[in-house]
file upload.cif (mmCIF, C-alpha atoms)
data_input
loop_
_atom_site.label_atom_id
_atom_site.label_comp_id
_atom_site.auth_asym_id
_atom_site.auth_seq_id
_atom_site.Cartn_x
_atom_site.Cartn_y
_atom_site.Cartn_z
CA MET A 1 0.00 0.00 0.00
CA HIS A 2 1.42 3.37 -0.94
CA ALA A 3 0.51 6.92 -1.80
CA GLY A 4 0.93 8.59 -5.17
CA ALA A 5 2.77 11.81 -6.08
CA GLY A 6 4.49 13.94 -3.47
CA PRO A 7 5.36 12.63 -0.01
CA SER A 8 4.75 8.89 0.03
CA TRP A 9 3.87 6.31 2.59
CA VAL A 10 4.16 2.54 2.51
CA VAL A 11 2.26 0.17 4.81
CA ARG A 12 2.92 -3.56 4.57
CA GLU A 13 0.37 -5.69 6.39
CA ASN A 14 0.87 -9.39 7.00
CA ALA A 15 0.70 -12.26 9.44
CA SER A 16 4.20 -13.58 8.89
CA ARG A 17 4.63 -17.30 9.50
CA LEU A 18 8.11 -16.67 10.89
CA VAL A 19 6.85 -14.07 13.38
CA LEU A 20 4.03 -16.40 14.39
CA LEU A 21 6.49 -19.26 14.78
CA ALA A 22 8.82 -17.21 17.01
CA LEU A 23 5.91 -16.13 19.21
CA TYR A 24 4.58 -19.68 19.51
CA LEU A 25 7.99 -20.85 20.69
CA ARG A 26 8.18 -17.89 23.05
CA ASP A 27 5.06 -19.13 24.80
CA ARG A 28 6.02 -22.80 24.78
CA LEU A 29 9.49 -22.01 26.19
CA GLY A 30 8.18 -19.65 28.86
CA ILE A 31 10.08 -16.63 27.51
CA ALA A 32 9.03 -13.51 29.40
CA SER A 33 10.10 -10.81 26.97
CA PRO A 34 8.93 -8.62 25.43
CA THR A 35 7.13 -8.17 28.72
CA ASP A 36 4.43 -5.87 27.31
CA LEU A 37 3.50 -8.25 24.49
CA PRO A 38 0.50 -10.51 25.27
CA ARG A 39 0.50 -14.26 24.91
CA LEU A 40 -0.98 -16.07 21.94
CA ARG A 41 -4.52 -17.32 22.07
CA GLY A 42 -4.90 -21.06 22.60
CA VAL A 43 -1.20 -21.85 23.10
CA ALA A 44 -0.33 -23.81 26.23
CA PRO A 45 2.38 -21.96 28.22
CA ALA A 46 5.44 -23.66 29.61
CA PRO A 47 5.12 -24.70 33.26
CA PRO A 48 7.13 -22.46 35.60
CA GLY A 49 10.51 -23.51 36.92
CA VAL A 50 11.37 -25.93 34.12
CA ARG A 51 14.95 -24.61 33.89
CA GLU A 52 17.52 -23.19 36.24
CA VAL A 53 17.39 -19.39 36.41
CA ASP A 54 20.74 -18.82 34.69
CA VAL A 55 19.81 -21.26 31.91
CA GLN A 56 16.45 -19.55 31.40
CA ASP A 57 18.16 -16.13 31.31
CA LEU A 58 20.54 -17.31 28.58
CA LEU A 59 17.67 -18.85 26.62
CA GLU A 60 15.75 -15.57 26.82
CA ARG A 61 18.74 -13.59 25.52
CA GLN A 62 19.17 -15.95 22.59
CA TRP A 63 15.46 -15.87 21.79
CA ARG A 64 15.36 -12.04 21.92
CA SER A 65 18.24 -11.84 19.46
CA TRP A 66 16.45 -14.26 17.11
CA TRP A 67 13.18 -12.33 17.56
CA MET A 68 14.75 -9.05 16.49
CA MET A 69 16.31 -10.71 13.44
CA THR A 70 12.92 -12.23 12.58
CA VAL A 71 10.90 -9.03 12.90
CA GLU A 72 13.36 -6.67 11.19
CA PRO A 73 16.24 -8.68 9.71
CA GLU A 74 17.80 -5.75 7.87
CA ALA A 75 18.01 -3.67 11.04
CA HIS A 76 19.31 -6.58 13.13
CA PRO A 77 21.74 -8.67 11.08
CA SER A 78 23.34 -11.69 12.69
CA PRO A 79 26.88 -11.12 14.01
CA THR A 80 27.85 -14.56 12.69
CA PRO A 81 26.76 -16.60 9.64
CA LEU A 82 23.37 -18.28 9.85
CA ALA A 83 22.59 -21.97 9.54
CA LEU A 84 19.21 -23.61 8.97
CA LEU A 85 17.90 -25.73 11.81
CA GLU A 86 17.21 -29.06 10.11
CA SER A 87 14.01 -29.88 11.99
CA TYR A 88 12.46 -26.58 10.80
CA GLY A 89 13.28 -26.86 7.12
CA THR A 90 13.79 -23.33 5.81
CA ASP A 91 11.75 -21.66 8.58
CA VAL A 92 14.46 -21.18 11.19
CA ALA A 93 17.99 -19.93 10.56
CA LEU A 94 20.07 -19.30 13.66
CA PRO A 95 23.57 -17.87 14.15
CA ILE A 96 26.18 -20.62 14.08
CA GLU A 97 27.54 -19.19 17.34
CA GLY A 98 25.57 -17.92 20.30
CA ALA A 99 22.26 -19.70 19.71
CA GLU A 100 23.12 -23.25 20.74
CA LEU A 101 20.76 -23.37 23.72
CA LEU A 102 17.88 -21.92 21.69
CA ALA A 103 18.42 -24.46 18.92
CA GLN A 104 18.36 -27.30 21.44
CA ALA A 105 15.28 -25.96 23.22
CA ILE A 106 13.10 -25.39 20.15
CA THR A 107 13.93 -28.60 18.27
CA PRO A 108 11.33 -30.77 20.09
CA PHE A 109 8.60 -28.28 19.17
CA ALA A 110 9.28 -28.27 15.42
CA PRO A 111 6.25 -30.22 14.10
CA GLU A 112 3.66 -28.61 16.36
CA SER A 113 5.03 -25.07 16.02
CA ARG A 114 5.21 -25.18 12.22
CA ALA A 115 1.70 -26.60 11.97
CA TRP A 116 0.32 -23.97 14.34
CA ALA A 117 2.02 -21.10 12.50
CA GLU A 118 0.61 -22.32 9.20
CA ARG A 119 -2.94 -22.47 10.61
CA ALA A 120 -2.60 -19.07 12.26
CA ALA A 121 -1.29 -17.46 9.07
CA GLN A 122 -4.32 -18.77 7.19
CA GLY A 123 -6.58 -16.89 9.60
CA TYR A 124 -5.10 -13.52 8.62
CA PRO A 125 -7.27 -12.90 5.52
CA ARG A 126 -10.40 -13.21 7.66
CA ALA A 127 -9.13 -10.51 10.01
CA SER A 128 -7.96 -8.12 7.30
CA GLY A 129 -10.78 -8.56 4.80
CA ALA A 130 -8.40 -10.39 2.42
CA ARG A 131 -8.57 -7.76 -0.31
CA HIS A 132 -5.77 -5.31 -1.09
CA GLY A 133 -8.25 -2.46 -1.58
CA ASP A 134 -9.78 -2.96 1.85
CA SER A 135 -6.37 -2.91 3.52
CA TYR A 136 -5.36 0.21 1.57
CA ARG A 137 -8.49 2.08 2.63
CA ALA A 138 -7.96 1.11 6.28
CA TYR A 139 -4.78 3.18 6.33
CA ALA A 140 -5.49 5.77 3.64
CA GLY A 141 -8.56 7.02 5.48
CA THR A 142 -6.64 7.49 8.71
CA ILE A 143 -3.79 9.25 6.92
CA ALA A 144 -6.22 11.56 5.15
CA GLU A 145 -7.83 12.42 8.48
CA HIS A 146 -4.41 13.15 9.98
CA GLU A 147 -3.57 15.43 7.05
CA ARG A 148 -6.78 17.39 7.63
CA GLU A 149 -5.96 17.73 11.32
CA VAL A 150 -2.41 19.03 10.81
CA GLY A 151 -3.12 20.99 7.63
CA ARG A 152 -0.38 19.45 5.48
CA ARG A 153 0.52 16.36 3.51
CA ALA A 154 1.73 13.40 5.52
CA HIS A 155 5.47 12.96 5.75
CA SER A 156 6.93 9.98 3.92
CA PHE A 157 7.07 6.90 6.13
CA GLU A 158 7.12 3.12 6.14
CA LEU A 159 5.20 0.88 8.51
CA ASN A 160 5.02 -2.91 8.83
CA VAL A 161 1.90 -4.32 10.48
CA GLU A 162 1.77 -7.88 11.84
CA VAL A 163 -1.79 -9.09 12.51
CA LEU A 164 -1.51 -11.65 15.30
CA PRO A 165 -3.86 -13.81 17.45
CA PHE A 166 -3.06 -12.34 20.85
CA THR A 167 -5.18 -12.84 23.96
CA GLU A 168 -5.56 -9.05 24.36
CA ARG A 169 -6.79 -6.42 21.93
CA GLY A 170 -4.31 -3.66 21.17
CA VAL A 171 -1.36 -2.33 19.20
CA TRP A 172 2.29 -2.75 20.20
CA TRP A 173 5.57 -1.59 18.72
CA ILE A 174 7.77 -4.65 18.07
CA GLY A 175 10.44 -2.92 15.96
CA SER A 176 11.47 0.53 14.81
CA LEU A 177 9.16 0.24 11.77
CA THR A 178 6.91 -2.61 12.88
CA ILE A 179 3.80 -2.90 15.00
CA ALA A 180 1.75 -5.90 16.11
CA VAL A 181 -2.04 -5.67 16.03
CA THR A 182 -4.46 -8.16 17.53
CA ASP A 183 -6.48 -9.91 14.83
CA ALA A 184 -9.72 -9.18 16.69
CA LEU A 185 -8.91 -5.47 16.69
CA ARG A 186 -7.95 -5.52 12.99
CA ALA A 187 -11.31 -7.10 12.18
CA ASP A 188 -13.17 -4.23 13.89
CA PRO A 189 -12.90 -1.27 11.45
CA VAL A 190 -14.01 1.44 13.88
CA ALA A 191 -11.83 0.28 16.77
CA PHE A 192 -8.88 -0.34 14.46
CA ASP A 193 -9.10 3.16 12.99
CA ALA A 194 -9.07 4.66 16.49
CA ALA A 195 -6.12 2.50 17.56
CA ILE A 196 -3.99 3.11 14.46
CA HIS A 197 -4.55 6.88 14.40
CA PRO A 198 -1.92 7.67 17.10
CA ILE A 199 0.60 5.48 15.26
CA ILE A 200 -0.01 7.33 11.99
CA ALA A 201 0.17 10.68 13.76
CA GLU A 202 3.55 9.73 15.25
CA LEU A 203 4.97 8.74 11.87
CA ALA A 204 3.30 11.19 9.50
#
call {"tool": "encode", "arguments": {"input": "upload.cif", "output": "structure tokens"}}
result
Amino acid sequence: MHAGAGPSWVVRENASRLVLLALYLRDRLGIASPTDLPRLRGVAPAPPGVREVDVQDLLERQWRSWWMMTVEPEAHPSPTPLALLESYGTDVALPIEGAELLAQAITPFAPESRAWAERAAQGYPRASGARHGDSYRAYAGTIAEHEREVGRRAHSFELNVEVLPFTERGVWWIGSLTIAVTDALRADPVAFDAAIHPIIAELA
């Protein structure tokens, strides 16, 4: 989605399988961060106290690094070469150094996590309306309203929107150019417009 002549804006909306996969594993591993991000709907959390505290802390650090590379890979390149994790096919590529514990921890969850991410990604069109034109209008209307409020054209900006099945309705920043939106909120045009307006105002 983008504007025409003059200042331009680009909004990319998706329910990325890789983002869904990382979040599923976050819940199944009992990863706490990002602390403000809700849990996924219908995913059984890990029981508390499964690992020693120092082991869990290391696992969380390795997951956070992978999460940032997954959400915005260009902004967070790996410090070492990446290698595919065999049990995940082409879905998971981890640094060859510094992600050993994460690789070990997520391997047992490969079949269930990949199947869940695939099902969850298929639910995205229902939340977004499935049609490019509908998605374009969802943002274009809010941008036009912002332009009327401030009395000028919107500044050029880019925004990535991940539509995700969280347990709570809301909008959260998960990267410098990326937000997460609950699928239930995205499916409610009036509520979504109200929630996305402050984001657009911050960027435009």
call {"tool": "residues_around", "arguments": {"input": "upload.cif", "residues": "stretch 187-204 of chain A", "least_positions_apart": "6", "cutoff": "7 Å", "atoms": "all atoms listed in the file", "output": "PyMOL selection string"}}
result
chain A and resi 127-128+142-143+146+154-157+171
call {"tool": "atom_distance", "arguments": {"input": "upload.cif", "atom1": "atom CA of A:Val150", "atom2": "atom CA of A:Arg169"}}
result
28.1 Å
call {"tool": "closest_residue", "arguments": {"input": "upload.cif", "among": "A:Ala83, A:Ala144, A:Val53, A:Val71", "to": "A:Leu177", "atoms": "all atoms listed in the file"}}
result
A:Val71
call {"tool": "residues_around", "arguments": {"input": "upload.cif", "residues": "A:Glu100", "least_positions_apart": "5", "cutoff": "10 Å", "atoms": "only C-alpha atoms", "output": "number ranges by chain"}}
result
A: 59, 62, 94-95, 105
call {"tool": "closest_residue", "arguments": {"input": "upload.cif", "among": "A:Ala140, A:Ala93, A:Ala120, A:Leu23", "to": "A:Pro81", "atoms": "all atoms listed in the file"}}
result
A:Ala93
call {"tool": "residues_near_point", "arguments": {"input": "upload.cif", "point": "(8.3, -14.9, 29.5)", "cutoff": "12 Å", "atoms": "only C-alpha atoms", "output": "VMD selection string"}}
result
chain A and resid 23 to 39 45 to 49 56 to 57 59 to 61 63 to 64
call {"tool": "atom_distance", "arguments": {"input": "upload.cif", "atom1": "atom CA of A:Glu162", "atom2": "atom CA of A:Thr178"}}
result
7.4 Å
call {"tool": "closest_residue", "arguments": {"input": "upload.cif", "among": "A:Ala138, A:Val181, A:Ala121, A:Val163", "to": "A:Arg17", "atoms": "only C-alpha atoms"}}
result
A:Ala121
call {"tool": "atom_distance", "arguments": {"input": "upload.cif", "atom1": "atom CA of A:Glu52", "atom2": "atom CA of A:Ser113"}}
result
23.8 Å
call {"tool": "closest_residue", "arguments": {"input": "upload.cif", "among": "A:Val55, A:Ala99, A:Leu21, A:Met69", "to": "A:Ile174", "atoms": "only C-alpha atoms"}}
result
A:Met69
call {"tool": "closest_residue", "arguments": {"input": "upload.cif", "among": "A:Tyr139, A:Phe166, A:Tyr124, A:Leu58", "to": "A:Arg12", "atoms": "all atoms listed in the file"}}
result
A:Tyr139
call {"tool": "resolve_selection", "arguments": {"input": "upload.cif", "expression": "the PyMOL selection byres ((chain A and resi 111) around 12)", "output": "PyMOL selection string"}}
result
chain A and resi 21+24-25+86-89+91+106-110+112-118
call {"tool": "write_last_selection", "arguments": {"input": "upload.cif", "atoms": "C-alpha atoms", "output": "PDB file, in the frame of the given file"}}
result
ATOM      1  CA  LEU A  21       6.490 -19.260  14.780  1.00  0.00           C
ATOM      2  CA  TYR A  24       4.580 -19.680  19.510  1.00  0.00           C
ATOM      3  CA  LEU A  25       7.990 -20.850  20.690  1.00  0.00           C
ATOM      4  CA  GLU A  86      17.210 -29.060  10.110  1.00  0.00           C
ATOM      5  CA  SER A  87      14.010 -29.880  11.990  1.00  0.00           C
ATOM      6  CA  TYR A  88      12.460 -26.580  10.800  1.00  0.00           C
ATOM      7  CA  GLY A  89      13.280 -26.860   7.120  1.00  0.00           C
ATOM      8  CA  ASP A  91      11.750 -21.660   8.580  1.00  0.00           C
ATOM      9  CA  ILE A 106      13.100 -25.390  20.150  1.00  0.00           C
ATOM     10  CA  THR A 107      13.930 -28.600  18.270  1.00  0.00           C
ATOM     11  CA  PRO A 108      11.330 -30.770  20.090  1.00  0.00           C
ATOM     12  CA  PHE A 109       8.600 -28.280  19.170  1.00  0.00           C
ATOM     13  CA  ALA A 110       9.280 -28.270  15.420  1.00  0.00           C
ATOM     14  CA  GLU A 112       3.660 -28.610  16.360  1.00  0.00           C
ATOM     15  CA  SER A 113       5.030 -25.070  16.020  1.00  0.00           C
ATOM     16  CA  ARG A 114       5.210 -25.180  12.220  1.00  0.00           C
ATOM     17  CA  ALA A 115       1.700 -26.600  11.970  1.00  0.00           C
ATOM     18  CA  TRP A 116       0.320 -23.970  14.340  1.00  0.00           C
ATOM     19  CA  ALA A 117       2.020 -21.100  12.500  1.00  0.00           C
ATOM     20  CA  GLU A 118       0.610 -22.320   9.200  1.00  0.00           C
TER      21      GLU A 118
END
call {"tool": "closest_residue", "arguments": {"input": "upload.cif", "among": "A:Leu18, A:Thr167, A:Arg119, A:Ser8", "to": "A:Thr90", "atoms": "only C-alpha atoms"}}
result
A:Leu18
call {"tool": "build_atoms", "arguments": {"input": "upload.cif", "residues": "stretch 185-196 of chain A", "atoms": "all heavy atoms", "output": "short mmCIF file (atom, residue, chain, number, x, y, z; two decimals), keeping the file's coordinate frame"}}
result
data_model
loop_
_atom_site.label_atom_id
_atom_site.label_comp_id
_atom_site.auth_asym_id
_atom_site.auth_seq_id
_atom_site.Cartn_x
_atom_site.Cartn_y
_atom_site.Cartn_z
N LEU A 185 -8.86 -6.92 16.87
CA LEU A 185 -8.91 -5.47 16.69
C LEU A 185 -8.88 -5.12 15.20
O LEU A 185 -9.61 -4.23 14.74
CB LEU A 185 -7.74 -4.81 17.41
CG LEU A 185 -7.61 -3.29 17.27
CD1 LEU A 185 -8.83 -2.59 17.83
CD2 LEU A 185 -6.34 -2.80 17.97
N ARG A 186 -8.05 -5.81 14.43
CA ARG A 186 -7.95 -5.52 12.99
C ARG A 186 -9.26 -5.80 12.28
O ARG A 186 -9.59 -5.15 11.28
CB ARG A 186 -6.83 -6.39 12.38
CG ARG A 186 -6.63 -6.18 10.88
CD ARG A 186 -6.19 -4.77 10.60
NE ARG A 186 -6.06 -4.52 9.16
CZ ARG A 186 -7.05 -4.12 8.37
NH1 ARG A 186 -8.26 -3.92 8.88
NH2 ARG A 186 -6.85 -3.90 7.09
N ALA A 187 -10.04 -6.74 12.80
CA ALA A 187 -11.31 -7.10 12.18
C ALA A 187 -12.43 -6.14 12.54
O ALA A 187 -13.53 -6.23 11.98
CB ALA A 187 -11.70 -8.53 12.58
N ASP A 188 -12.18 -5.22 13.45
CA ASP A 188 -13.17 -4.23 13.89
C ASP A 188 -12.78 -2.88 13.29
O ASP A 188 -11.92 -2.18 13.83
CB ASP A 188 -13.18 -4.16 15.41
CG ASP A 188 -14.23 -3.21 15.97
OD1 ASP A 188 -14.65 -2.29 15.24
OD2 ASP A 188 -14.61 -3.37 17.14
N PRO A 189 -13.37 -2.47 12.15
CA PRO A 189 -12.90 -1.27 11.45
C PRO A 189 -12.90 0.00 12.29
O PRO A 189 -11.95 0.79 12.23
CB PRO A 189 -13.89 -1.15 10.27
CG PRO A 189 -14.41 -2.53 10.07
CD PRO A 189 -14.46 -3.15 11.43
N VAL A 190 -13.93 0.21 13.09
CA VAL A 190 -14.01 1.44 13.88
C VAL A 190 -12.94 1.45 14.97
O VAL A 190 -12.22 2.43 15.15
CB VAL A 190 -15.42 1.59 14.50
CG1 VAL A 190 -15.46 2.81 15.43
CG2 VAL A 190 -16.47 1.73 13.40
N ALA A 191 -12.82 0.35 15.69
CA ALA A 191 -11.83 0.28 16.77
C ALA A 191 -10.42 0.32 16.20
O ALA A 191 -9.52 0.94 16.79
CB ALA A 191 -12.04 -1.00 17.59
N PHE A 192 -10.21 -0.34 15.06
CA PHE A 192 -8.88 -0.34 14.46
C PHE A 192 -8.47 1.06 14.02
O PHE A 192 -7.34 1.49 14.22
CB PHE A 192 -8.83 -1.30 13.27
CG PHE A 192 -7.50 -1.31 12.56
CD1 PHE A 192 -6.40 -1.88 13.16
CD2 PHE A 192 -7.35 -0.73 11.30
CE1 PHE A 192 -5.16 -1.89 12.52
CE2 PHE A 192 -6.12 -0.74 10.66
CZ PHE A 192 -5.03 -1.31 11.27
N ASP A 193 -9.39 1.79 13.42
CA ASP A 193 -9.10 3.16 12.99
C ASP A 193 -8.69 4.02 14.17
O ASP A 193 -7.73 4.79 14.10
CB ASP A 193 -10.32 3.75 12.29
CG ASP A 193 -10.04 5.13 11.74
OD1 ASP A 193 -9.21 5.26 10.84
OD2 ASP A 193 -10.65 6.11 12.24
N ALA A 194 -9.40 3.87 15.30
CA ALA A 194 -9.07 4.66 16.49
C ALA A 194 -7.71 4.26 17.05
O ALA A 194 -6.95 5.11 17.53
CB ALA A 194 -10.16 4.48 17.54
N ALA A 195 -7.39 2.97 16.99
CA ALA A 195 -6.12 2.50 17.56
C ALA A 195 -4.93 2.85 16.69
O ALA A 195 -3.83 3.12 17.20
CB ALA A 195 -6.20 0.97 17.76
N ILE A 196 -5.12 2.86 15.36
CA ILE A 196 -3.99 3.11 14.46
C ILE A 196 -3.74 4.61 14.30
O ILE A 196 -2.62 5.00 13.90
CB ILE A 196 -4.26 2.44 13.08
CG1 ILE A 196 -2.94 2.17 12.34
CG2 ILE A 196 -5.17 3.28 12.22
CD1 ILE A 196 -2.08 1.12 12.94
#
